[in-house]
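Coordinates from upload-v8.tsv are shown below (TSV, C-alpha atoms).
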chain	number	residue	atom	x	y	z
A	1	MET	CA	14.55	-42.91	13.70
A	2	ALA	CA	12.62	-39.99	15.07
A	3	GLN	CA	13.05	-38.20	11.74
A	4	ALA	CA	12.00	-41.14	9.63
A	5	GLY	CA	8.65	-39.54	8.93
A	6	THR	CA	10.18	-36.31	7.61
A	7	ARG	CA	12.63	-37.74	5.07
A	8	ASN	CA	12.01	-38.27	1.34
A	9	ARG	CA	8.52	-36.94	1.45
A	10	PRO	CA	7.19	-35.46	-1.81
A	11	LEU	CA	7.54	-31.68	-1.97
A	12	SER	CA	4.75	-29.48	-3.24
A	13	PRO	CA	5.71	-28.10	-6.67
A	14	HIS	CA	6.69	-24.45	-6.43
A	15	LEU	CA	5.80	-21.33	-8.42
A	16	THR	CA	7.94	-22.02	-11.45
A	17	ILE	CA	6.12	-25.10	-12.74
A	18	TRP	CA	2.65	-23.55	-13.08
A	19	ARG	CA	1.29	-22.15	-16.33
A	20	TRP	CA	0.47	-18.46	-15.83
A	21	GLY	CA	-3.20	-17.68	-15.30
A	22	PRO	CA	-5.21	-14.51	-14.61
A	23	ALA	CA	-5.49	-15.18	-10.86
A	24	MET	CA	-1.69	-15.43	-10.56
A	25	ALA	CA	-1.18	-12.25	-12.57
A	26	VAL	CA	-3.68	-10.21	-10.51
A	27	SER	CA	-2.15	-11.58	-7.31
A	28	ILE	CA	1.39	-10.46	-8.10
A	29	LEU	CA	0.11	-7.15	-9.53
A	30	HIS	CA	-1.62	-6.55	-6.18
A	31	ARG	CA	1.66	-7.08	-4.35
A	32	VAL	CA	3.73	-5.03	-6.80
A	33	SER	CA	1.29	-2.11	-6.86
A	34	GLY	CA	0.88	-2.20	-3.07
A	35	ASN	CA	4.60	-2.12	-2.37
A	36	GLY	CA	5.09	0.46	-5.12
A	37	LEU	CA	2.48	2.65	-3.44
A	38	ALA	CA	4.12	2.15	-0.04
A	39	VAL	CA	7.47	3.37	-1.34
A	40	ALA	CA	6.75	5.84	-4.17
A	41	GLY	CA	3.20	6.90	-3.26
A	42	LEU	CA	3.87	7.62	0.40
A	43	GLY	CA	7.27	9.09	-0.46
A	44	VAL	CA	5.79	11.64	-2.87
A	45	LEU	CA	2.92	12.35	-0.44
A	46	LEU	CA	5.46	13.21	2.27
A	47	TRP	CA	7.51	15.32	-0.14
A	48	TRP	CA	4.36	17.23	-1.13
A	49	LEU	CA	3.24	17.77	2.50
A	50	GLY	CA	6.77	18.69	3.57
A	51	ALA	CA	7.07	21.21	0.73
A	52	LEU	CA	3.68	22.71	1.65
A	53	ALA	CA	4.69	22.98	5.30
A	54	SER	CA	8.10	24.45	4.42
A	55	GLY	CA	6.78	27.35	2.35
A	56	PRO	CA	6.39	28.74	-1.18
A	57	ALA	CA	10.00	28.14	-2.29
A	58	ALA	CA	9.98	24.45	-1.40
A	59	TYR	CA	6.51	24.06	-2.91
A	60	ALA	CA	7.71	25.69	-6.15
A	61	ALA	CA	10.61	23.22	-6.29
A	62	PHE	CA	8.17	20.32	-5.80
A	63	SER	CA	5.82	21.70	-8.48
A	64	ALA	CA	8.68	22.11	-10.96
A	65	HIS	CA	9.62	18.44	-10.60
A	66	ALA	CA	6.00	17.25	-10.48
A	67	SER	CA	5.04	19.07	-13.68
A	68	ALA	CA	8.17	17.99	-15.61
A	69	TRP	CA	7.83	14.98	-17.91
A	70	TYR	CA	9.54	12.61	-15.46
A	71	GLY	CA	7.43	13.91	-12.57
A	72	MET	CA	4.25	13.39	-14.57
A	73	ALA	CA	5.42	9.87	-15.41
A	74	VAL	CA	5.91	9.13	-11.69
A	75	LEU	CA	2.53	10.67	-10.76
A	76	ILE	CA	0.72	8.71	-13.48
A	77	GLY	CA	2.51	5.58	-12.26
A	78	ILE	CA	1.48	6.24	-8.65
A	79	SER	CA	-2.15	6.86	-9.65
A	80	TRP	CA	-2.16	3.61	-11.63
A	81	THR	CA	-0.71	1.65	-8.70
A	82	PHE	CA	-3.43	3.11	-6.46
A	83	PHE	CA	-6.36	2.34	-8.77
A	84	ASN	CA	-4.97	-1.13	-9.55
A	85	HIS	CA	-4.40	-1.87	-5.86
A	86	MET	CA	-7.87	-0.52	-5.02
A	87	ALA	CA	-9.56	-2.68	-7.66
A	88	SER	CA	-7.72	-5.88	-6.69
A	89	GLY	CA	-8.16	-4.97	-3.00
A	90	ILE	CA	-11.94	-4.80	-3.45
A	91	ARG	CA	-11.68	-8.17	-5.25
A	92	HIS	CA	-9.93	-9.49	-2.12
A	93	PHE	CA	-12.82	-8.24	0.05
A	94	VAL	CA	-15.22	-10.25	-2.14
A	95	LEU	CA	-12.98	-13.33	-1.94
A	96	ASP	CA	-12.71	-12.84	1.85
A	97	ILE	CA	-16.46	-13.38	2.25
A	98	GLY	CA	-16.12	-16.63	0.33
A	99	ALA	CA	-17.56	-15.48	-3.00
A	100	GLY	CA	-16.07	-15.54	-6.49
A	101	TYR	CA	-14.11	-18.80	-6.39
A	102	GLU	CA	-15.95	-20.51	-9.26
A	103	LEU	CA	-13.31	-21.02	-11.97
A	104	ASN	CA	-14.94	-18.95	-14.70
A	105	ARG	CA	-16.04	-16.13	-12.41
A	106	ASN	CA	-12.64	-16.03	-10.71
A	107	ALA	CA	-10.85	-15.80	-14.07
A	108	LEU	CA	-13.28	-13.13	-15.31
A	109	TRP	CA	-12.72	-10.82	-12.32
A	110	SER	CA	-8.99	-11.52	-12.38
A	111	ILE	CA	-8.96	-10.13	-15.93
A	112	LEU	CA	-11.40	-7.28	-15.23
A	113	THR	CA	-9.60	-6.02	-12.10
A	114	PRO	CA	-6.46	-4.66	-13.83
A	115	VAL	CA	-8.60	-3.36	-16.70
A	116	ILE	CA	-10.73	-1.41	-14.20
A	117	GLY	CA	-7.51	-0.08	-12.64
A	118	ILE	CA	-6.30	1.25	-16.01
A	119	LEU	CA	-9.72	2.74	-16.88
A	120	LEU	CA	-9.97	4.55	-13.51
A	121	THR	CA	-6.43	5.90	-13.98
A	122	ALA	CA	-7.35	7.21	-17.44
A	123	ALA	CA	-10.62	8.69	-16.09
A	124	PHE	CA	-8.77	10.42	-13.23
A	125	TRP	CA	-6.23	12.08	-15.55
A	126	ALA	CA	-8.93	13.00	-18.05
A	127	ALA	CA	-10.93	14.65	-15.27
A	128	LEU	CA	-7.82	16.42	-13.96
A	129	LEU	CA	-6.48	17.68	-17.28
A	130	LEU	CA	-9.81	18.48	-18.97
A	131	ARG	CA	-11.46	20.38	-16.13
B	132	MET	CA	13.99	-26.79	19.42
B	133	GLY	CA	15.41	-30.27	19.53
B	134	ASN	CA	15.18	-32.96	16.88
B	135	GLY	CA	15.60	-36.03	18.97
B	136	THR	CA	12.03	-36.79	19.87
B	137	SER	CA	8.69	-36.37	18.18
B	138	ILE	CA	7.61	-33.63	20.59
B	139	GLY	CA	10.98	-31.90	20.19
B	140	ARG	CA	10.56	-31.65	16.45
B	141	VAL	CA	7.22	-29.83	16.60
B	142	ARG	CA	7.75	-27.65	19.66
B	143	GLY	CA	7.95	-23.96	18.69
B	144	LEU	CA	6.38	-24.54	15.28
B	145	GLY	CA	2.80	-23.95	14.29
B	146	SER	CA	0.67	-20.86	14.65
B	147	ALA	CA	2.26	-17.71	16.04
B	148	LYS	CA	-1.18	-16.94	17.56
B	149	SER	CA	-1.25	-13.43	16.12
B	150	GLY	CA	-1.73	-13.97	12.38
B	151	SER	CA	-5.46	-13.34	12.30
B	152	HIS	CA	-5.01	-10.04	14.16
B	153	HIS	CA	-2.52	-8.91	11.48
B	154	TRP	CA	-4.89	-10.08	8.75
B	155	LEU	CA	-7.85	-8.21	10.27
B	156	LEU	CA	-5.84	-5.00	10.76
B	157	GLN	CA	-4.82	-5.19	7.11
B	158	ARG	CA	-8.54	-5.22	6.19
B	159	PHE	CA	-9.59	-2.51	8.66
B	160	THR	CA	-6.85	-0.17	7.42
B	161	ALA	CA	-7.75	-1.09	3.82
B	162	ILE	CA	-11.31	0.17	4.44
B	163	GLY	CA	-9.85	3.36	5.90
B	164	ASN	CA	-7.54	3.77	2.91
B	165	LEU	CA	-10.40	3.21	0.47
B	166	LEU	CA	-12.47	6.01	2.04
B	167	LEU	CA	-9.63	8.44	2.74
B	168	VAL	CA	-7.70	8.13	-0.53
B	169	LEU	CA	-10.93	8.44	-2.53
B	170	TRP	CA	-11.69	11.58	-0.47
B	171	PHE	CA	-8.18	12.84	-1.33
B	172	ILE	CA	-8.59	12.13	-5.06
B	173	VAL	CA	-11.99	13.86	-5.22
B	174	SER	CA	-10.55	16.80	-3.26
B	175	LEU	CA	-7.65	17.14	-5.71
B	176	LEU	CA	-10.10	17.11	-8.62
B	177	MET	CA	-12.23	19.80	-6.93
B	178	LEU	CA	-9.35	22.18	-6.22
B	179	PRO	CA	-9.40	25.02	-8.76
B	180	ASN	CA	-5.60	24.81	-9.18
B	181	PHE	CA	-2.50	23.51	-7.39
B	182	GLN	CA	-0.95	26.90	-6.57
B	183	TYR	CA	0.72	27.15	-3.15
B	184	GLU	CA	-1.87	29.56	-1.69
B	185	THR	CA	-4.82	27.47	-2.91
B	186	VAL	CA	-3.53	24.17	-1.57
B	187	ARG	CA	-2.37	25.70	1.71
B	188	GLU	CA	-5.67	27.39	2.35
B	189	TRP	CA	-7.49	24.13	1.59
B	190	ILE	CA	-5.42	21.76	3.74
B	191	ALA	CA	-5.44	24.14	6.73
B	192	ARG	CA	-9.23	23.85	7.01
B	193	PRO	CA	-10.49	21.57	9.83
B	194	VAL	CA	-12.03	18.74	7.80
B	195	PRO	CA	-9.26	18.41	5.16
B	196	ALA	CA	-6.57	18.63	7.88
B	197	THR	CA	-8.29	15.92	9.95
B	198	ALA	CA	-8.88	13.68	6.94
B	199	MET	CA	-5.26	14.09	5.78
B	200	ALA	CA	-3.99	13.22	9.27
B	201	LEU	CA	-6.21	10.11	9.31
B	202	LEU	CA	-5.07	9.23	5.78
B	203	ILE	CA	-1.44	9.34	6.93
B	204	VAL	CA	-2.13	7.04	9.89
B	205	SER	CA	-4.23	4.58	7.86
B	206	THR	CA	-1.95	4.37	4.81
B	207	PHE	CA	1.31	4.10	6.76
B	208	TRP	CA	-0.19	1.45	9.03
B	209	HIS	CA	-1.49	-0.52	6.02
B	210	ALA	CA	1.84	-0.13	4.18
B	211	ARG	CA	3.77	-1.30	7.23
B	212	LEU	CA	1.58	-4.42	7.54
B	213	GLY	CA	1.78	-5.17	3.81
B	214	MET	CA	5.53	-4.69	3.51
B	215	GLN	CA	6.00	-6.95	6.54
B	216	VAL	CA	4.24	-9.76	4.64
B	217	MET	CA	6.38	-9.09	1.56
B	218	LEU	CA	9.58	-9.21	3.66
B	219	GLU	CA	8.45	-12.39	5.43
B	220	ASP	CA	7.94	-14.03	2.04
B	221	TYR	CA	11.17	-12.97	0.35
B	222	VAL	CA	13.77	-12.55	3.13
B	223	HIS	CA	14.46	-16.09	4.28
B	224	GLU	CA	17.39	-15.69	6.66
B	225	HIS	CA	16.09	-15.05	10.19
B	226	ALA	CA	18.54	-12.32	11.19
B	227	ASN	CA	18.07	-10.44	7.90
B	228	LYS	CA	14.29	-10.74	8.23
B	229	PHE	CA	14.41	-9.35	11.77
B	230	ALA	CA	16.64	-6.45	10.63
B	231	CYS	CA	14.38	-5.67	7.66
B	232	ILE	CA	11.21	-5.60	9.78
B	233	ALA	CA	12.93	-3.51	12.46
B	234	ALA	CA	14.00	-1.02	9.75
B	235	LEU	CA	10.49	-1.08	8.29
B	236	ASN	CA	9.03	-0.15	11.68
B	237	LEU	CA	11.43	2.79	12.01
B	238	VAL	CA	10.71	4.09	8.50
B	239	ALA	CA	6.95	3.68	8.84
B	240	PHE	CA	6.78	5.50	12.19
B	241	ALA	CA	9.21	8.20	11.02
B	242	GLY	CA	7.26	8.76	7.80
B	243	ALA	CA	3.90	8.92	9.54
B	244	GLY	CA	5.32	11.18	12.24
B	245	PHE	CA	6.75	13.59	9.66
B	246	GLY	CA	3.47	13.64	7.70
B	247	LEU	CA	1.42	14.32	10.83
B	248	PHE	CA	3.81	17.09	11.88
B	249	CYS	CA	3.45	18.74	8.45
B	250	VAL	CA	-0.36	18.62	8.64
B	251	ILE	CA	-0.40	20.02	12.19
B	252	ARG	CA	1.97	22.82	11.17
B	253	LEU	CA	-0.17	23.65	8.14
B	254	ALA	CA	-3.41	23.52	10.15
B	255	LEU	CA	-2.23	25.46	13.19
B	256	GLY	CA	-0.01	27.95	11.36
B	257	GLY	CA	3.63	28.70	11.93
B	258	ALA	CA	5.05	28.37	8.43
Go through the file and emit its structure as structure tokens.
Amino acid sequence: MAQAGTRNRPLSPHLTIWRWGPAMAVSILHRVSGNGLAVAGLGVLLWWLGALASGPAAYAAFSAHASAWYGMAVLIGISWTFFNHMASGIRHFVLDIGAGYELNRNALWSILTPVIGILLTAAFWAALLLR
Amino acid sequence: MGNGTSIGRVRGLGSAKSGSHHWLLQRFTAIGNLLLVLWFIVSLLMLPNFQYETVREWIARPVPATAMALLIVSTFWHARLGMQVMLEDYVHEHANKFACIAALNLVAFAGAGFGLFCVIRLALGGA
């Protein structure tokens, strides 16, 4: 009888039943871009630093991969994950102080955050390639 | 944890007493990442080219070497905290979760250690 209170209680509906909204999309994008950065971003950073510390030959090997089409694709991907994670991270700082929970404003910034991430990525590569 | 009595069913559950510390560290390291990675991005844009000699000469200077060392500490710390949360959410079996977080700790410390060693070697010469 001690467990009587724990049986047959209604369960909270889980992820799958909700209609997708901007706040859910920006939330999972934050997690995906953050973990992508942790694996690919920090991995490439260590490869770059290790190649620099090893000498010209290792650095040339890194540069050859980094400037190939697949290397550029990875670097563009890493830069996007950073700018996306930065934008949604700043959104989290705002939410942490208790602001931005009104439905319309929350949806607006949930949509703007990934857009800002893409624009900053484009601006970074434009500045890098057009300098 | 027993299940015979009311107190037995709740004992050992509830707050782990350290969640807010994890949460705060995630924010403190996020602020560090924001400053340091933006510094890194601006520095990359200001380098005249990415030739070996140019980059080596730049990163060996005191301020870039210090900032890069701090960037490594801040980003690896933040990544370790964030990936812990991801593992806690998606790895449900206790033993697997423990193994994953133990492996995460090893990889995070090894990665940060290697990065710091590279910066020190570049800054103090030897290569």
Give me the residues of chain A that have any atom at most 6 Å from an atom of chain B; for each, the nearest atom pair and the distance in Å, rounded to one decimal. Use only C-alpha atoms, sort by chain and number, and format it as CSV.
residue,atom,partner,partner_atom,distance
A:Ala2,CA,B:Thr136,CA,5.8
A:Ala38,CA,B:Ala210,CA,5.3
A:Leu46,CA,B:Gly246,CA,5.8
A:Gly50,CA,B:Cys249,CA,5.9
A:Ala53,CA,B:Cys249,CA,5.4
A:Leu128,CA,B:Leu176,CA,5.8
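Between atom CA of A:Ala23 and atom CA of A:Asn106 there is a distance of 7.2 Å.
The space between atom CA of B:Thr160 and atom CA of B:Trp208 spans 7.0 Å.
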Excluding stretch 64-75 of chain A and its own-chain neighbours fewer than 6 positions away, which residues fall within 9 Å of it when counting all atoms listed in the file? Please give them as a PDB file with C-alpha atoms, in the coordinates of the input.
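Once written, part-v4.pdb looks like this:
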ATOM      1  CA  ALA A  40       6.750   5.840  -4.170  1.00  0.00           C
ATOM      2  CA  GLY A  41       3.200   6.900  -3.260  1.00  0.00           C
ATOM      3  CA  VAL A  44       5.790  11.640  -2.870  1.00  0.00           C
TER       4      VAL A  44
END
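Using only C-alpha atoms for every distance, the candidate list A:Trp109, A:Leu42, A:Ser88, A:Ile78 yields A:Leu42 as the residue closest to B:Leu202.
Using only C-alpha atoms, the nearest neighbour of A:Ile28 within the list A:Ala51, A:Pro10, A:Leu15, A:Val115 is A:Leu15.
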Distance of atom CA of A:Leu103 from atom CA of A:Trp18, expressed in Å to one decimal place: 16.2 Å
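Excluding B:Ala198 and any residue on its chain fewer than 3 positions from it, the residues at most 9 Å away by only C-alpha atoms are Leu167, Trp170, Phe171, Pro193, Val194, Pro195, Leu201, Leu202 and Ile203 of chain B.
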Copy stretch 133-175 of chain B out of the block into a file, keeping N, CA and C atoms, as a PDB file, in the first residue's frame.
ATOM      1  N   GLY B 133      14.990   1.836  -0.343  1.00  0.00           N
ATOM      2  CA  GLY B 133      13.927   0.857  -0.214  1.00  0.00           C
ATOM      3  C   GLY B 133      12.644   1.340  -0.865  1.00  0.00           C
ATOM      4  N   ASN B 134      11.631   0.443  -0.896  1.00  0.00           N
ATOM      5  CA  ASN B 134      10.338   0.907  -1.410  1.00  0.00           C
ATOM      6  C   ASN B 134       9.206   0.463  -0.492  1.00  0.00           C
ATOM      7  N   GLY B 135       9.586   0.128   0.728  1.00  0.00           N
ATOM      8  CA  GLY B 135       8.573  -0.371   1.630  1.00  0.00           C
ATOM      9  C   GLY B 135       7.825   0.721   2.373  1.00  0.00           C
ATOM     10  N   THR B 136       8.502   1.799   2.667  1.00  0.00           N
ATOM     11  CA  THR B 136       7.867   2.847   3.454  1.00  0.00           C
ATOM     12  C   THR B 136       7.922   4.159   2.689  1.00  0.00           C
ATOM     13  N   SER B 137       7.133   5.104   3.128  1.00  0.00           N
ATOM     14  CA  SER B 137       7.102   6.397   2.444  1.00  0.00           C
ATOM     15  C   SER B 137       8.476   7.053   2.447  1.00  0.00           C
ATOM     16  N   ILE B 138       9.160   7.018   3.591  1.00  0.00           N
ATOM     17  CA  ILE B 138      10.478   7.664   3.669  1.00  0.00           C
ATOM     18  C   ILE B 138      11.485   6.909   2.802  1.00  0.00           C
ATOM     19  N   GLY B 139      11.324   5.573   2.721  1.00  0.00           N
ATOM     20  CA  GLY B 139      12.238   4.765   1.927  1.00  0.00           C
ATOM     21  C   GLY B 139      12.141   5.069   0.438  1.00  0.00           C
ATOM     22  N   ARG B 140      10.951   5.446   0.013  1.00  0.00           N
ATOM     23  CA  ARG B 140      10.764   5.701  -1.414  1.00  0.00           C
ATOM     24  C   ARG B 140      11.387   7.031  -1.854  1.00  0.00           C
ATOM     25  N   VAL B 141      11.542   7.970  -0.976  1.00  0.00           N
ATOM     26  CA  VAL B 141      12.054   9.286  -1.377  1.00  0.00           C
ATOM     27  C   VAL B 141      13.517   9.479  -0.993  1.00  0.00           C
ATOM     28  N   ARG B 142      14.030   8.623  -0.108  1.00  0.00           N
ATOM     29  CA  ARG B 142      15.407   8.801   0.343  1.00  0.00           C
ATOM     30  C   ARG B 142      16.371   8.642  -0.845  1.00  0.00           C
ATOM     31  N   GLY B 143      17.313   9.534  -0.991  1.00  0.00           N
ATOM     32  CA  GLY B 143      18.282   9.445  -2.088  1.00  0.00           C
ATOM     33  C   GLY B 143      17.806  10.122  -3.358  1.00  0.00           C
ATOM     34  N   LEU B 144      16.560  10.566  -3.388  1.00  0.00           N
ATOM     35  CA  LEU B 144      16.080  11.294  -4.566  1.00  0.00           C
ATOM     36  C   LEU B 144      16.211  12.791  -4.282  1.00  0.00           C
ATOM     37  N   GLY B 145      15.717  13.572  -5.201  1.00  0.00           N
ATOM     38  CA  GLY B 145      15.746  15.015  -4.978  1.00  0.00           C
ATOM     39  C   GLY B 145      17.031  15.641  -5.462  1.00  0.00           C
ATOM     40  N   SER B 146      17.265  16.868  -5.020  1.00  0.00           N
ATOM     41  CA  SER B 146      18.400  17.641  -5.510  1.00  0.00           C
ATOM     42  C   SER B 146      19.721  16.971  -5.181  1.00  0.00           C
ATOM     43  N   ALA B 147      20.662  17.044  -6.144  1.00  0.00           N
ATOM     44  CA  ALA B 147      22.003  16.517  -5.892  1.00  0.00           C
ATOM     45  C   ALA B 147      22.848  17.552  -5.163  1.00  0.00           C
ATOM     46  N   LYS B 148      22.326  18.732  -4.921  1.00  0.00           N
ATOM     47  CA  LYS B 148      22.953  19.817  -4.171  1.00  0.00           C
ATOM     48  C   LYS B 148      24.088  20.520  -4.921  1.00  0.00           C
ATOM     49  N   SER B 149      24.336  20.104  -6.177  1.00  0.00           N
ATOM     50  CA  SER B 149      25.435  20.754  -6.888  1.00  0.00           C
ATOM     51  C   SER B 149      25.005  21.262  -8.263  1.00  0.00           C
ATOM     52  N   GLY B 150      23.709  21.202  -8.554  1.00  0.00           N
ATOM     53  CA  GLY B 150      23.246  21.590  -9.889  1.00  0.00           C
ATOM     54  C   GLY B 150      23.460  23.061 -10.190  1.00  0.00           C
ATOM     55  N   SER B 151      23.211  23.929  -9.199  1.00  0.00           N
ATOM     56  CA  SER B 151      23.333  25.355  -9.486  1.00  0.00           C
ATOM     57  C   SER B 151      24.792  25.755  -9.691  1.00  0.00           C
ATOM     58  N   HIS B 152      25.715  25.034  -9.052  1.00  0.00           N
ATOM     59  CA  HIS B 152      27.138  25.314  -9.286  1.00  0.00           C
ATOM     60  C   HIS B 152      27.503  24.987 -10.732  1.00  0.00           C
ATOM     61  N   HIS B 153      27.038  23.832 -11.232  1.00  0.00           N
ATOM     62  CA  HIS B 153      27.262  23.453 -12.626  1.00  0.00           C
ATOM     63  C   HIS B 153      26.666  24.511 -13.558  1.00  0.00           C
ATOM     64  N   TRP B 154      25.461  24.915 -13.266  1.00  0.00           N
ATOM     65  CA  TRP B 154      24.741  25.889 -14.096  1.00  0.00           C
ATOM     66  C   TRP B 154      25.504  27.207 -14.145  1.00  0.00           C
ATOM     67  N   LEU B 155      25.984  27.661 -12.974  1.00  0.00           N
ATOM     68  CA  LEU B 155      26.722  28.931 -12.933  1.00  0.00           C
ATOM     69  C   LEU B 155      28.035  28.825 -13.685  1.00  0.00           C
ATOM     70  N   LEU B 156      28.759  27.707 -13.508  1.00  0.00           N
ATOM     71  CA  LEU B 156      30.032  27.534 -14.221  1.00  0.00           C
ATOM     72  C   LEU B 156      29.811  27.540 -15.722  1.00  0.00           C
ATOM     73  N   GLN B 157      28.683  26.954 -16.167  1.00  0.00           N
ATOM     74  CA  GLN B 157      28.374  26.964 -17.591  1.00  0.00           C
ATOM     75  C   GLN B 157      28.248  28.406 -18.090  1.00  0.00           C
ATOM     76  N   ARG B 158      27.649  29.279 -17.273  1.00  0.00           N
ATOM     77  CA  ARG B 158      27.499  30.698 -17.656  1.00  0.00           C
ATOM     78  C   ARG B 158      28.827  31.435 -17.581  1.00  0.00           C
ATOM     79  N   PHE B 159      29.590  31.213 -16.511  1.00  0.00           N
ATOM     80  CA  PHE B 159      30.873  31.924 -16.375  1.00  0.00           C
ATOM     81  C   PHE B 159      31.798  31.565 -17.533  1.00  0.00           C
ATOM     82  N   THR B 160      31.868  30.261 -17.872  1.00  0.00           N
ATOM     83  CA  THR B 160      32.737  29.870 -18.984  1.00  0.00           C
ATOM     84  C   THR B 160      32.171  30.365 -20.313  1.00  0.00           C
ATOM     85  N   ALA B 161      30.828  30.501 -20.396  1.00  0.00           N
ATOM     86  CA  ALA B 161      30.229  31.034 -21.630  1.00  0.00           C
ATOM     87  C   ALA B 161      30.684  32.478 -21.854  1.00  0.00           C
ATOM     88  N   ILE B 162      30.739  33.266 -20.766  1.00  0.00           N
ATOM     89  CA  ILE B 162      31.205  34.655 -20.887  1.00  0.00           C
ATOM     90  C   ILE B 162      32.658  34.664 -21.352  1.00  0.00           C
ATOM     91  N   GLY B 163      33.462  33.775 -20.775  1.00  0.00           N
ATOM     92  CA  GLY B 163      34.859  33.665 -21.197  1.00  0.00           C
ATOM     93  C   GLY B 163      34.968  33.286 -22.665  1.00  0.00           C
ATOM     94  N   ASN B 164      34.148  32.307 -23.091  1.00  0.00           N
ATOM     95  CA  ASN B 164      34.177  31.887 -24.490  1.00  0.00           C
ATOM     96  C   ASN B 164      33.789  33.027 -25.411  1.00  0.00           C
ATOM     97  N   LEU B 165      32.751  33.768 -25.010  1.00  0.00           N
ATOM     98  CA  LEU B 165      32.268  34.865 -25.851  1.00  0.00           C
ATOM     99  C   LEU B 165      33.410  35.853 -26.116  1.00  0.00           C
ATOM    100  N   LEU B 166      34.108  36.260 -25.047  1.00  0.00           N
ATOM    101  CA  LEU B 166      35.202  37.224 -25.202  1.00  0.00           C
ATOM    102  C   LEU B 166      36.360  36.620 -25.980  1.00  0.00           C
ATOM    103  N   LEU B 167      36.774  35.407 -25.601  1.00  0.00           N
ATOM    104  CA  LEU B 167      38.010  34.839 -26.154  1.00  0.00           C
ATOM    105  C   LEU B 167      37.834  34.372 -27.595  1.00  0.00           C
ATOM    106  N   VAL B 168      36.697  33.777 -27.929  1.00  0.00           N
ATOM    107  CA  VAL B 168      36.522  33.319 -29.311  1.00  0.00           C
ATOM    108  C   VAL B 168      36.321  34.516 -30.239  1.00  0.00           C
ATOM    109  N   LEU B 169      35.637  35.571 -29.744  1.00  0.00           N
ATOM    110  CA  LEU B 169      35.535  36.777 -30.572  1.00  0.00           C
ATOM    111  C   LEU B 169      36.921  37.390 -30.776  1.00  0.00           C
ATOM    112  N   TRP B 170      37.754  37.401 -29.730  1.00  0.00           N
ATOM    113  CA  TRP B 170      39.145  37.856 -29.891  1.00  0.00           C
ATOM    114  C   TRP B 170      39.843  37.015 -30.972  1.00  0.00           C
ATOM    115  N   PHE B 171      39.655  35.698 -30.925  1.00  0.00           N
ATOM    116  CA  PHE B 171      40.306  34.795 -31.870  1.00  0.00           C
ATOM    117  C   PHE B 171      39.837  35.071 -33.300  1.00  0.00           C
ATOM    118  N   ILE B 172      38.526  35.292 -33.475  1.00  0.00           N
ATOM    119  CA  ILE B 172      37.976  35.540 -34.812  1.00  0.00           C
ATOM    120  C   ILE B 172      38.511  36.856 -35.373  1.00  0.00           C
ATOM    121  N   VAL B 173      38.516  37.913 -34.531  1.00  0.00           N
ATOM    122  CA  VAL B 173      39.046  39.202 -34.992  1.00  0.00           C
ATOM    123  C   VAL B 173      40.531  39.061 -35.316  1.00  0.00           C
ATOM    124  N   SER B 174      41.269  38.318 -34.499  1.00  0.00           N
ATOM    125  CA  SER B 174      42.699  38.111 -34.752  1.00  0.00           C
ATOM    126  C   SER B 174      42.929  37.409 -36.083  1.00  0.00           C
ATOM    127  N   LEU B 175      42.113  36.378 -36.372  1.00  0.00           N
ATOM    128  CA  LEU B 175      42.262  35.669 -37.646  1.00  0.00           C
ATOM    129  C   LEU B 175      42.016  36.622 -38.809  1.00  0.00           C
TER     130      LEU B 175
END
